[in-house]
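Below is one structure, written out as structure tokens; comments come after it.
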Amino acid sequence: MGMYNEKVMDHFTNPRNVGTLEDSNAIGTFGSPVCGDMMEISLKIENNVIVDAKFRTFGCGSAIASSSVATEMVKGKTLEEALKLTNQNFVDELGGLPGAKIHCSVLSEQAIKTAIYKYAKENGLDLPGLEGFDPDAEFDHDEE
Amino acid sequence: MKPIYLDYSATTPVKQEVLDAMIPYFTEKFGNPSSLYGIGFASKDAIELARSQVAALIGAEDREIYFTSGGTEADNWAVIGAARSRKNKGNHIITTKIEHHALLHTCKALEKEGFVVTYLDVDDNGIVDPAQVKNAITDQTILISVMFANNEIGTLQPIAEIGAIAKENGILFHSDGVQALGNVDIDVRSAGVDMMSMSAHKIYGPKGIGALYIRKGVVIENILFGGGQENKRRAGTENLTGIVGFGKAAELAGKNLNDHIKQVRDLRNYFLEQIRSRIDDISVNGDLEKRLPGNLNLIFNYVEGEALLLHLDIRGICASTGSACSSASFSPSHVLSAMGLPLEKVYSSLRFTVGDFTTKEDLDLVVASLVEIVSKLRELSPFDKDHRMQSTQVLR
């Protein structure tokens with residue numbers, strides 16, 4: 001029944017951590033040119049640890065579900081740990097996504113990296129896992 | 001929970017009268033129409049009755065109707081058959097960017113055989129300009145193919161005008177009539193079409209059966225080879241039950257045409273009014289006047305179509321989107337893109353098509369669900385009036 005499993009549907013219908021953190025100190029947005037999806041993640045980072053996270057996503061069911069699960073997974077992680085998270089971790093946590101929908105979870109990985117990248121830059125941090133990362137690599141920020 | 005079906009352009013349920021007409025031909029009246037004995041003759045008679053029923057719906061003669069496996073085969077046959085039969089006269093085909101894939105992918109295949117295809121743009125309302133058709137004609141043009149009505153946005157194309165242009169220039173004219181059949185009063189003579197594709201399952205008939213109208217005197221090559229069925233033009237044992245069902249569905253469609261058009265148009269307009277009054281920041285894709293009576297294609301700004309569909313599905317509501325993530329191909333709707341719609345609006349578009357079994361109560365329930373879902377998804381969206389998607393990329 002349906003294209004998504006129960007856990008995906010749960011995160012899709014009751015997404016966790018929706019919105020923008022008022023006291024966020026790291027915001028990352030990432031848009032996928034492949035399917036027009038866009039995710040914004042706001043993080044609150046204290047002493048190198050992500051203590052809170054919220055998201056807003058324009059996208060399909062798997063994009064919303066993986067965004068939701070990603071915000072749950074980054075909480076409590078150090079920046080180094082968070083940078084090690086890949087889209088496959090979110091897919092696994094969701095108990096799988098249909099093959100054609102795996103790419104939708106990349107959005108979350110990239111948005112988290114973008115937020116941490118900006119934070120690291122502002123705070124002069126040199127973090128492993130950010131070497132060669134370019135937040136603009138796949139998205140055209142022409143109005144920013 | 002009984003689903004609320006608002007996807008009549010995708011397919012329709014078989015009407016009870018249609019099913020009743022078909023049933024005997026599965027069991028006791030199962031004879032091969034080519035056989036020379038009683039039950040074979042009876043099958044042949046049933047097919048000829050169906051042929052006249054389909055012909056009557058479009059103002060054709062019986063012998064101008066050739067049954068096929070559906071709209072896709074009819075499109076393939078018309079375009080490939082016409083192109084190959086006229087390859088000594090020229091190699092140029094004119095069509096539009098908003099055709100069904102059954103037509104577009106057939107043209108792509110012909111390009112590999114050396115044919116050259118012009119894919120015409122449509123205006124912002126999703127309608128082809130006949131002047132552009134005229135301007136595209138060269139001394140190599142052998143075929144023009146323009147759909148009667150578009151499947152995604154329901155826009156009615158200026159078929160009679162294009163038919164006149166084709167005739168003036170001595171060029172064959174084909175039209176994909178799959179969506180228009182049973183929803184528009186079609187007369188193949190006044191429309192000036194030489195060939196028209198049809199499908200039964202869009203008019204409350206069974207799937208797997210369609211037809212190609214070929215005006216008498218028009219010769220195109222066959223694409224199926226085998227027995228001498230369909231006046232030696234379409235080989236293969238006839239889909240007897242399907243043909244009988246198609247005939248009955250065509251008869252019913254003809255009998256009820258005006259009532260059907262008025263009923264579904266009123267429902268569609270009521271639906272749109274309700275949505276407009278209760279949800280802000282929506283708009284209609286495609287011309288609202290020159291349009292199939294049951295079609296509504298809407299942009300719900302800042303909300304992604306598949307997410308909307310999924311929430312509707314949870315509530316038992318069936319609609320559709322041609323948007324990226326709804327298919328494995330990730331290609332945004334070629335129709336909406338051809339209209340010049342920016343990408344984010346293509347992704348925010350949804351098609352609802354109402355039909356004979358839709359009720360006002362159904363639509364009220366759908367509107368209530370939409371109000372709730374759109375508001376929920378907009379809360380979730382990083383976009384709003386002041387924050388639009390930054391890539392206002394137009395694919396046209």
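Ligands are numbered from 1 in the order shown, residues from 1 within each chain, and chains are lettered A, B, ... in the order they appear in the structure tokens.
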Report the closest atom pair, with its distance in Å rounded to one decimal, for each residue of chain A that has an atom no farther than 12 Å from chain B; count only C-alpha atoms, sort by chain and then rising residue number, and write it as a tab-separated table.
```
residue	atom	partner	partner_atom	distance
A:Met1	CA	B:Ile314	CA	11.3
A:Gly2	CA	B:Asp313	CA	9.2
A:Met3	CA	B:Leu310	CA	9.5
A:Tyr4	CA	B:Leu310	CA	9.9
A:Val8	CA	B:Leu310	CA	11.7
A:Met9	CA	B:Leu310	CA	9.2
A:Asp10	CA	B:Ile314	CA	11.5
A:Phe12	CA	B:Ala307	CA	8.4
A:Thr13	CA	B:His311	CA	7.6
A:Asn14	CA	B:Lys376	CA	10.2
A:Pro15	CA	B:Leu380	CA	8.8
A:Arg16	CA	B:Leu380	CA	10.5
A:Asn17	CA	B:Leu380	CA	10.0
A:Val18	CA	B:Leu380	CA	6.4
A:Gly19	CA	B:Leu380	CA	6.8
A:Thr20	CA	B:Pro382	CA	9.3
A:Gly28	CA	B:Pro382	CA	11.6
A:Thr29	CA	B:Pro382	CA	9.2
A:Phe30	CA	B:Pro382	CA	10.8
A:Gly31	CA	B:Ser391	CA	9.1
A:Ser32	CA	B:Ser391	CA	10.3
A:Pro33	CA	B:Ser391	CA	8.7
A:Val34	CA	B:Phe330	CA	7.1
A:Cys35	CA	B:Ala324	CA	5.6
A:Gly36	CA	B:Glu344	CA	6.7
A:Asp37	CA	B:Glu304	CA	8.1
A:Met38	CA	B:Pro382	CA	7.6
A:Met39	CA	B:Pro382	CA	7.1
A:Glu40	CA	B:Pro382	CA	6.6
A:Ile41	CA	B:Pro382	CA	9.7
A:Ser42	CA	B:Pro382	CA	11.5
A:Lys54	CA	B:Leu380	CA	10.5
A:Phe55	CA	B:Leu380	CA	7.9
A:Arg56	CA	B:Leu380	CA	5.0
A:Thr57	CA	B:Ser381	CA	5.0
A:Phe58	CA	B:Ser381	CA	4.9
A:Gly59	CA	B:Glu304	CA	5.3
A:Cys60	CA	B:Ala307	CA	4.7
A:Gly61	CA	B:Ala307	CA	5.1
A:Ser62	CA	B:Ala307	CA	8.7
A:Ala63	CA	B:Ala307	CA	9.1
A:Ile64	CA	B:Ala307	CA	8.2
A:Ala65	CA	B:Ala307	CA	10.3
A:Ser67	CA	B:Leu380	CA	10.8
A:Ser68	CA	B:Leu380	CA	10.6
A:Pro98	CA	B:Ala328	CA	9.9
A:Gly99	CA	B:Ala328	CA	8.8
A:Ala100	CA	B:Ala328	CA	5.5
A:Lys101	CA	B:Cys325	CA	7.6
A:Ile102	CA	B:Ala328	CA	11.0
A:His103	CA	B:Cys325	CA	10.2
A:Cys104	CA	B:Cys325	CA	8.8
A:Glu138	CA	B:Ser391	CA	11.7
A:Phe139	CA	B:Ser391	CA	8.5
A:Asp140	CA	B:Ser391	CA	6.8
A:His141	CA	B:Gln390	CA	6.6
A:Asp142	CA	B:Gln390	CA	6.7
A:Glu143	CA	B:Gln390	CA	6.2
A:Glu144	CA	B:Gln390	CA	8.3
```
If you count only C-alpha atoms, which residues fall within 8 Å of region 113-130 of chain A, apart from same-chain ones fewer than 3 positions away, as a list in words?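 So the residues in contact are Asn25, Ala26, Ile27, Gly28, Thr29, Phe30, Ile41, Ser42, Leu43, Leu79, Glu80, Leu83, Lys84, Glu109, Gln110, Phe133 and Pro135 of chain A.
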Put those residues in a file: N, CA, C and O atoms, as a PDB file, in the first residue's frame.
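Written output follows (again-v2.pdb):
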```
ATOM      1  N   ASN A  25      21.865  30.204  15.595  1.00  0.00           N
ATOM      2  CA  ASN A  25      23.112  30.866  15.196  1.00  0.00           C
ATOM      3  C   ASN A  25      23.740  30.208  13.968  1.00  0.00           C
ATOM      4  O   ASN A  25      24.899  30.447  13.647  1.00  0.00           O
ATOM      5  N   ALA A  26      22.967  29.384  13.290  1.00  0.00           N
ATOM      6  CA  ALA A  26      23.447  28.796  12.036  1.00  0.00           C
ATOM      7  C   ALA A  26      22.253  28.412  11.169  1.00  0.00           C
ATOM      8  O   ALA A  26      21.437  27.577  11.574  1.00  0.00           O
ATOM      9  N   ILE A  27      22.143  29.072  10.027  1.00  0.00           N
ATOM     10  CA  ILE A  27      21.037  28.738   9.116  1.00  0.00           C
ATOM     11  C   ILE A  27      21.612  28.294   7.780  1.00  0.00           C
ATOM     12  O   ILE A  27      22.537  28.910   7.249  1.00  0.00           O
ATOM     13  N   GLY A  28      21.096  27.212   7.270  1.00  0.00           N
ATOM     14  CA  GLY A  28      21.533  26.749   5.953  1.00  0.00           C
ATOM     15  C   GLY A  28      20.328  26.485   5.073  1.00  0.00           C
ATOM     16  O   GLY A  28      19.335  25.922   5.538  1.00  0.00           O
ATOM     17  N   THR A  29      20.405  26.950   3.834  1.00  0.00           N
ATOM     18  CA  THR A  29      19.341  26.591   2.892  1.00  0.00           C
ATOM     19  C   THR A  29      19.994  25.873   1.730  1.00  0.00           C
ATOM     20  O   THR A  29      21.113  26.177   1.330  1.00  0.00           O
ATOM     21  N   PHE A  30      19.275  24.904   1.225  1.00  0.00           N
ATOM     22  CA  PHE A  30      19.786  24.195   0.061  1.00  0.00           C
ATOM     23  C   PHE A  30      18.647  23.849  -0.879  1.00  0.00           C
ATOM     24  O   PHE A  30      17.593  23.399  -0.449  1.00  0.00           O
ATOM     25  N   ILE A  41      17.353  24.891   7.161  1.00  0.00           N
ATOM     26  CA  ILE A  41      17.513  24.338   8.506  1.00  0.00           C
ATOM     27  C   ILE A  41      18.139  25.408   9.392  1.00  0.00           C
ATOM     28  O   ILE A  41      19.052  26.117   8.962  1.00  0.00           O
ATOM     29  N   SER A  42      17.577  25.573  10.579  1.00  0.00           N
ATOM     30  CA  SER A  42      18.196  26.514  11.520  1.00  0.00           C
ATOM     31  C   SER A  42      18.672  25.733  12.739  1.00  0.00           C
ATOM     32  O   SER A  42      17.954  24.878  13.271  1.00  0.00           O
ATOM     33  N   LEU A  43      19.921  26.001  13.123  1.00  0.00           N
ATOM     34  CA  LEU A  43      20.530  25.253  14.225  1.00  0.00           C
ATOM     35  C   LEU A  43      20.890  26.206  15.356  1.00  0.00           C
ATOM     36  O   LEU A  43      21.184  27.380  15.123  1.00  0.00           O
ATOM     37  N   LEU A  79      29.545  19.164  16.095  1.00  0.00           N
ATOM     38  CA  LEU A  79      29.602  19.573  14.685  1.00  0.00           C
ATOM     39  C   LEU A  79      30.316  18.524  13.845  1.00  0.00           C
ATOM     40  O   LEU A  79      29.908  18.232  12.727  1.00  0.00           O
ATOM     41  N   GLU A  80      31.376  17.952  14.419  1.00  0.00           N
ATOM     42  CA  GLU A  80      32.120  16.925  13.682  1.00  0.00           C
ATOM     43  C   GLU A  80      31.234  15.704  13.399  1.00  0.00           C
ATOM     44  O   GLU A  80      31.259  15.146  12.299  1.00  0.00           O
ATOM     45  N   LEU A  83      28.598  16.527  10.749  1.00  0.00           N
ATOM     46  CA  LEU A  83      29.147  16.589   9.391  1.00  0.00           C
ATOM     47  C   LEU A  83      29.347  15.201   8.788  1.00  0.00           C
ATOM     48  O   LEU A  83      29.475  15.061   7.575  1.00  0.00           O
ATOM     49  N   LYS A  84      29.390  14.197   9.649  1.00  0.00           N
ATOM     50  CA  LYS A  84      29.579  12.836   9.143  1.00  0.00           C
ATOM     51  C   LYS A  84      28.254  12.227   8.670  1.00  0.00           C
ATOM     52  O   LYS A  84      28.236  11.180   8.020  1.00  0.00           O
ATOM     53  N   GLU A 109      21.111  16.503   3.958  1.00  0.00           N
ATOM     54  CA  GLU A 109      22.555  16.437   4.188  1.00  0.00           C
ATOM     55  C   GLU A 109      23.208  17.762   3.770  1.00  0.00           C
ATOM     56  O   GLU A 109      24.024  18.329   4.514  1.00  0.00           O
ATOM     57  N   GLN A 110      22.828  18.253   2.623  1.00  0.00           N
ATOM     58  CA  GLN A 110      23.437  19.473   2.091  1.00  0.00           C
ATOM     59  C   GLN A 110      23.046  20.709   2.908  1.00  0.00           C
ATOM     60  O   GLN A 110      23.861  21.610   3.114  1.00  0.00           O
ATOM     61  N   PHE A 133      33.930  21.695   0.559  1.00  0.00           N
ATOM     62  CA  PHE A 133      32.475  21.867   0.490  1.00  0.00           C
ATOM     63  C   PHE A 133      32.128  23.246  -0.055  1.00  0.00           C
ATOM     64  O   PHE A 133      32.673  24.258   0.388  1.00  0.00           O
ATOM     65  N   PRO A 135      28.775  25.452  -0.681  1.00  0.00           N
ATOM     66  CA  PRO A 135      27.319  25.494  -0.527  1.00  0.00           C
ATOM     67  C   PRO A 135      26.607  25.981  -1.795  1.00  0.00           C
ATOM     68  O   PRO A 135      25.407  25.740  -1.952  1.00  0.00           O
TER      69      PRO A 135
END
```
Which residue out of B:Thr359, B:Ile209, B:His334, B:Ser9 has the minimum interatomic distance to Tyr119 (chain B) when only C-alpha atoms are used?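 Among the listed residues, B:His334 lies closest to Tyr119 (chain B).
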Can you check which residues of region 147-394 of chain B DSSP gives as strand (DSSP E) on the backbone and send them as a PyMOL selection string? chain B and resi 172-176+195-199+210-214+282-284+295-300+317-318+349-353
Test item: residues at most 8 Å from region 51-54 of chain B, only C-alpha atoms, excluding those fewer than 6 positions along its chain, as a PyMOL selection string: chain B and resi 61-63+65-66+246-248+250-251
Atoms to include: N, CA and C atoms. Write the selected residues as a PDB file, in the first residue's frame.
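Contents of again-v3.pdb, as written:
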```
ATOM      1  N   GLU B  61     -18.027   8.109 -41.120  1.00  0.00           N
ATOM      2  CA  GLU B  61     -18.652   6.915 -41.680  1.00  0.00           C
ATOM      3  C   GLU B  61     -18.067   5.702 -40.966  1.00  0.00           C
ATOM      4  N   ASP B  62     -18.869   4.639 -40.918  1.00  0.00           N
ATOM      5  CA  ASP B  62     -18.435   3.443 -40.187  1.00  0.00           C
ATOM      6  C   ASP B  62     -17.067   2.957 -40.662  1.00  0.00           C
ATOM      7  N   ARG B  63     -16.911   2.929 -41.978  1.00  0.00           N
ATOM      8  CA  ARG B  63     -15.678   2.328 -42.533  1.00  0.00           C
ATOM      9  C   ARG B  63     -14.444   3.202 -42.298  1.00  0.00           C
ATOM     10  N   ILE B  65     -13.548   4.046 -39.282  1.00  0.00           N
ATOM     11  CA  ILE B  65     -13.114   3.742 -37.910  1.00  0.00           C
ATOM     12  C   ILE B  65     -12.306   2.442 -37.892  1.00  0.00           C
ATOM     13  N   TYR B  66     -11.099   2.495 -37.361  1.00  0.00           N
ATOM     14  CA  TYR B  66     -10.240   1.310 -37.251  1.00  0.00           C
ATOM     15  C   TYR B  66      -9.896   1.111 -35.783  1.00  0.00           C
ATOM     16  N   PHE B 246     -16.428  -0.312 -26.012  1.00  0.00           N
ATOM     17  CA  PHE B 246     -16.145   1.010 -26.582  1.00  0.00           C
ATOM     18  C   PHE B 246     -17.381   1.526 -27.336  1.00  0.00           C
ATOM     19  N   GLY B 247     -18.001   0.621 -28.120  1.00  0.00           N
ATOM     20  CA  GLY B 247     -19.193   1.013 -28.873  1.00  0.00           C
ATOM     21  C   GLY B 247     -20.299   1.506 -27.953  1.00  0.00           C
ATOM     22  N   LYS B 248     -20.544   0.740 -26.889  1.00  0.00           N
ATOM     23  CA  LYS B 248     -21.607   1.122 -25.950  1.00  0.00           C
ATOM     24  C   LYS B 248     -21.272   2.447 -25.269  1.00  0.00           C
ATOM     25  N   ALA B 250     -19.433   4.813 -26.417  1.00  0.00           N
ATOM     26  CA  ALA B 250     -19.572   5.889 -27.402  1.00  0.00           C
ATOM     27  C   ALA B 250     -21.041   6.257 -27.593  1.00  0.00           C
ATOM     28  N   GLU B 251     -21.882   5.214 -27.621  1.00  0.00           N
ATOM     29  CA  GLU B 251     -23.319   5.479 -27.780  1.00  0.00           C
ATOM     30  C   GLU B 251     -23.837   6.318 -26.614  1.00  0.00           C
TER      31      GLU B 251
END
```
Any chance you could tabulate, as CSV, the residues of region 69-105 of chain B at most 12 Å from region 155-165 of chain B with each one's nearest atom pair and distance in Å to one decimal, using only C-alpha atoms, in chain and rising number order?
```
residue,atom,partner,partner_atom,distance
B:Ile94,CA,B:Ile162,CA,11.2
B:Thr95,CA,B:Ile162,CA,11.1
B:Thr96,CA,B:Gln157,CA,10.6
B:Ile98,CA,B:Thr155,CA,10.1
B:Glu99,CA,B:Gln157,CA,11.0
```
Write the residues of the selection above to a file with all heavy atoms, as a PDB file, in the first residue's frame.
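Saved result, again.pdb, follows:
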```
ATOM      1  N   ILE B  94       5.002  18.690 -38.501  1.00  0.00           N
ATOM      2  CA  ILE B  94       4.758  19.796 -37.566  1.00  0.00           C
ATOM      3  C   ILE B  94       3.859  19.297 -36.444  1.00  0.00           C
ATOM      4  O   ILE B  94       2.804  18.695 -36.695  1.00  0.00           O
ATOM      5  CB  ILE B  94       4.065  20.990 -38.269  1.00  0.00           C
ATOM      6  CG1 ILE B  94       4.948  21.531 -39.402  1.00  0.00           C
ATOM      7  CG2 ILE B  94       3.737  22.095 -37.260  1.00  0.00           C
ATOM      8  CD1 ILE B  94       4.233  22.542 -40.290  1.00  0.00           C
ATOM      9  N   THR B  95       4.278  19.534 -35.207  1.00  0.00           N
ATOM     10  CA  THR B  95       3.418  19.205 -34.068  1.00  0.00           C
ATOM     11  C   THR B  95       3.641  20.273 -32.994  1.00  0.00           C
ATOM     12  O   THR B  95       4.180  21.339 -33.297  1.00  0.00           O
ATOM     13  CB  THR B  95       3.678  17.763 -33.563  1.00  0.00           C
ATOM     14  OG1 THR B  95       2.713  17.459 -32.559  1.00  0.00           O
ATOM     15  CG2 THR B  95       5.081  17.596 -32.987  1.00  0.00           C
ATOM     16  N   THR B  96       3.193  20.013 -31.769  1.00  0.00           N
ATOM     17  CA  THR B  96       3.332  21.033 -30.723  1.00  0.00           C
ATOM     18  C   THR B  96       4.097  20.463 -29.532  1.00  0.00           C
ATOM     19  O   THR B  96       4.235  19.245 -29.403  1.00  0.00           O
ATOM     20  CB  THR B  96       1.958  21.509 -30.197  1.00  0.00           C
ATOM     21  OG1 THR B  96       1.447  20.528 -29.290  1.00  0.00           O
ATOM     22  CG2 THR B  96       0.977  21.715 -31.330  1.00  0.00           C
ATOM     23  N   ILE B  98       3.075  20.504 -26.560  1.00  0.00           N
ATOM     24  CA  ILE B  98       2.181  20.082 -25.463  1.00  0.00           C
ATOM     25  C   ILE B  98       1.451  18.780 -25.768  1.00  0.00           C
ATOM     26  O   ILE B  98       0.511  18.406 -25.079  1.00  0.00           O
ATOM     27  CB  ILE B  98       1.166  21.175 -25.085  1.00  0.00           C
ATOM     28  CG1 ILE B  98       0.225  21.475 -26.252  1.00  0.00           C
ATOM     29  CG2 ILE B  98       1.876  22.447 -24.619  1.00  0.00           C
ATOM     30  CD1 ILE B  98      -1.020  22.254 -25.827  1.00  0.00           C
ATOM     31  N   GLU B  99       1.890  18.086 -26.819  1.00  0.00           N
ATOM     32  CA  GLU B  99       1.245  16.805 -27.147  1.00  0.00           C
ATOM     33  C   GLU B  99       1.499  15.780 -26.052  1.00  0.00           C
ATOM     34  O   GLU B  99       2.448  15.898 -25.273  1.00  0.00           O
ATOM     35  CB  GLU B  99       1.800  16.273 -28.476  1.00  0.00           C
ATOM     36  CG  GLU B  99       1.565  17.166 -29.675  1.00  0.00           C
ATOM     37  CD  GLU B  99       0.100  17.388 -29.992  1.00  0.00           C
ATOM     38  OE1 GLU B  99      -0.649  16.397 -30.057  1.00  0.00           O
ATOM     39  OE2 GLU B  99      -0.302  18.561 -30.160  1.00  0.00           O
TER      40      GLU B  99
END
```
Measure the distance from CA of Asn269 (chain B) to CA of Gly71 (chain B) in Å and round it to one decimal. 28.3 Å
Quick one: of B:Leu257, B:Ile282, B:Ile153, B:Val219, who's nearest to Ser333 (chain B), counting only C-alpha atoms?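 Of B:Leu257, B:Ile282, B:Ile153, B:Val219, the one nearest Ser333 (chain B) is B:Ile153, counting only C-alpha atoms.
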Write out as a ChimeraX atom specification the residues lying within 9 Å of region 226-238 of chain B, counting only C-alpha atoms and excluding same-chain residues fewer than 4 positions away. /B:32-34,47,63,65-68,221-222,242-243
Selection file, all heavy atoms, as a compact mmCIF listing (two decimals), in the first residue's frame:
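Result written to part.txt:
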```
# COMPACT_ATOMS: atom_id res chain seq x y z
N ASN B 32 -14.46 -16.11 -32.69
CA ASN B 32 -13.51 -15.26 -33.43
C ASN B 32 -14.26 -14.60 -34.59
O ASN B 32 -14.87 -15.30 -35.40
CB ASN B 32 -12.35 -16.13 -33.95
CG ASN B 32 -11.24 -15.28 -34.53
OD1 ASN B 32 -11.49 -14.31 -35.25
ND2 ASN B 32 -10.01 -15.64 -34.23
N PRO B 33 -14.22 -13.31 -34.69
CA PRO B 33 -14.99 -12.62 -35.72
C PRO B 33 -14.61 -13.05 -37.14
O PRO B 33 -15.36 -12.81 -38.08
CB PRO B 33 -14.65 -11.14 -35.50
CG PRO B 33 -14.11 -11.06 -34.11
CD PRO B 33 -13.48 -12.38 -33.82
N SER B 34 -13.45 -13.67 -37.30
CA SER B 34 -13.04 -14.11 -38.64
C SER B 34 -13.56 -15.50 -38.98
O SER B 34 -13.41 -15.95 -40.11
CB SER B 34 -11.51 -14.13 -38.73
OG SER B 34 -10.99 -12.84 -38.50
N ILE B 47 -18.98 -6.28 -33.69
CA ILE B 47 -17.91 -5.32 -33.98
C ILE B 47 -18.42 -4.23 -34.93
O ILE B 47 -18.14 -3.04 -34.74
CB ILE B 47 -16.69 -6.05 -34.58
CG1 ILE B 47 -15.98 -6.83 -33.46
CG2 ILE B 47 -15.73 -5.07 -35.26
CD1 ILE B 47 -14.85 -7.70 -33.94
N ARG B 63 -16.91 2.93 -41.98
CA ARG B 63 -15.68 2.33 -42.53
C ARG B 63 -14.44 3.20 -42.30
O ARG B 63 -13.34 2.84 -42.69
CB ARG B 63 -15.86 2.05 -44.01
CG ARG B 63 -16.17 3.31 -44.81
CD ARG B 63 -16.36 2.97 -46.27
NE ARG B 63 -16.90 4.15 -46.97
CZ ARG B 63 -16.56 4.47 -48.21
NH1 ARG B 63 -15.70 3.74 -48.87
NH2 ARG B 63 -17.10 5.53 -48.78
N ILE B 65 -13.55 4.05 -39.28
CA ILE B 65 -13.11 3.74 -37.91
C ILE B 65 -12.31 2.44 -37.89
O ILE B 65 -12.79 1.40 -38.35
CB ILE B 65 -14.34 3.58 -36.97
CG1 ILE B 65 -15.21 4.83 -36.99
CG2 ILE B 65 -13.89 3.22 -35.54
CD1 ILE B 65 -14.55 6.10 -36.51
N TYR B 66 -11.10 2.49 -37.36
CA TYR B 66 -10.24 1.31 -37.25
C TYR B 66 -9.90 1.11 -35.78
O TYR B 66 -9.30 2.00 -35.16
CB TYR B 66 -8.96 1.50 -38.08
CG TYR B 66 -9.27 1.66 -39.55
CD1 TYR B 66 -9.56 2.92 -40.09
CD2 TYR B 66 -9.31 0.55 -40.39
CE1 TYR B 66 -9.88 3.06 -41.43
CE2 TYR B 66 -9.62 0.68 -41.74
CZ TYR B 66 -9.91 1.94 -42.26
OH TYR B 66 -10.23 2.09 -43.58
N PHE B 67 -10.28 -0.03 -35.24
CA PHE B 67 -10.02 -0.28 -33.82
C PHE B 67 -8.55 -0.61 -33.59
O PHE B 67 -7.91 -1.30 -34.39
CB PHE B 67 -10.91 -1.42 -33.30
CG PHE B 67 -12.36 -1.00 -33.21
CD1 PHE B 67 -13.31 -1.54 -34.07
CD2 PHE B 67 -12.75 -0.04 -32.27
CE1 PHE B 67 -14.64 -1.14 -33.99
CE2 PHE B 67 -14.08 0.37 -32.19
CZ PHE B 67 -15.03 -0.18 -33.06
N THR B 68 -8.03 -0.07 -32.49
CA THR B 68 -6.64 -0.28 -32.10
C THR B 68 -6.60 -0.69 -30.63
O THR B 68 -7.65 -0.77 -29.99
CB THR B 68 -5.82 1.02 -32.24
OG1 THR B 68 -6.31 1.97 -31.28
CG2 THR B 68 -5.92 1.62 -33.63
N GLU B 221 0.63 3.87 -44.21
CA GLU B 221 1.20 2.53 -44.09
C GLU B 221 0.71 1.85 -42.82
O GLU B 221 0.44 2.50 -41.82
CB GLU B 221 2.74 2.59 -44.08
CG GLU B 221 3.30 2.67 -45.47
CD GLU B 221 4.79 2.34 -45.54
OE1 GLU B 221 5.34 1.78 -44.56
OE2 GLU B 221 5.38 2.64 -46.58
N ASN B 222 0.63 0.53 -42.88
CA ASN B 222 0.32 -0.24 -41.68
C ASN B 222 1.55 -0.30 -40.79
O ASN B 222 2.67 -0.22 -41.29
CB ASN B 222 -0.09 -1.67 -42.05
CG ASN B 222 -1.41 -1.70 -42.80
OD1 ASN B 222 -2.12 -0.68 -42.89
ND2 ASN B 222 -1.76 -2.85 -43.35
N GLY B 242 -13.66 -5.59 -25.69
CA GLY B 242 -13.26 -4.18 -25.62
C GLY B 242 -13.99 -3.34 -26.66
O GLY B 242 -14.50 -2.26 -26.36
N ILE B 243 -14.07 -3.88 -27.87
CA ILE B 243 -14.74 -3.15 -28.95
C ILE B 243 -16.22 -2.96 -28.63
O ILE B 243 -16.76 -1.87 -28.79
CB ILE B 243 -14.53 -3.89 -30.29
CG1 ILE B 243 -13.06 -3.77 -30.74
CG2 ILE B 243 -15.47 -3.35 -31.36
CD1 ILE B 243 -12.69 -4.63 -31.95
```
May I ask for the distance between CA of Ile112 (chain A) and CA of Ala82 (chain A), given in Å to one decimal place?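 So the two atoms, CA of Ile112 (chain A) and CA of Ala82 (chain A), lie 7.8 Å apart.
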Among region 210-325 of chain B, which residues carry a DSSP assignment of helix (DSSP H, G or I), reported as JSON, numbers by chain? {"B": [229, 230, 231, 232, 240, 241, 242, 243, 244, 245, 246, 247, 248, 249, 250, 251, 252, 253, 254, 255, 256, 257, 258, 259, 260, 261, 262, 263, 264, 265, 266, 267, 268, 269, 270, 271, 272, 273, 274, 275, 276, 277, 278, 305, 306, 307, 308, 309, 310, 311, 312, 313, 314, 324, 325]}
In Å to one decimal, how far is CA of Glu372 (chain B) from CA of Arg315 (chain B)?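 Here the two named atoms are 11.3 Å from each other.
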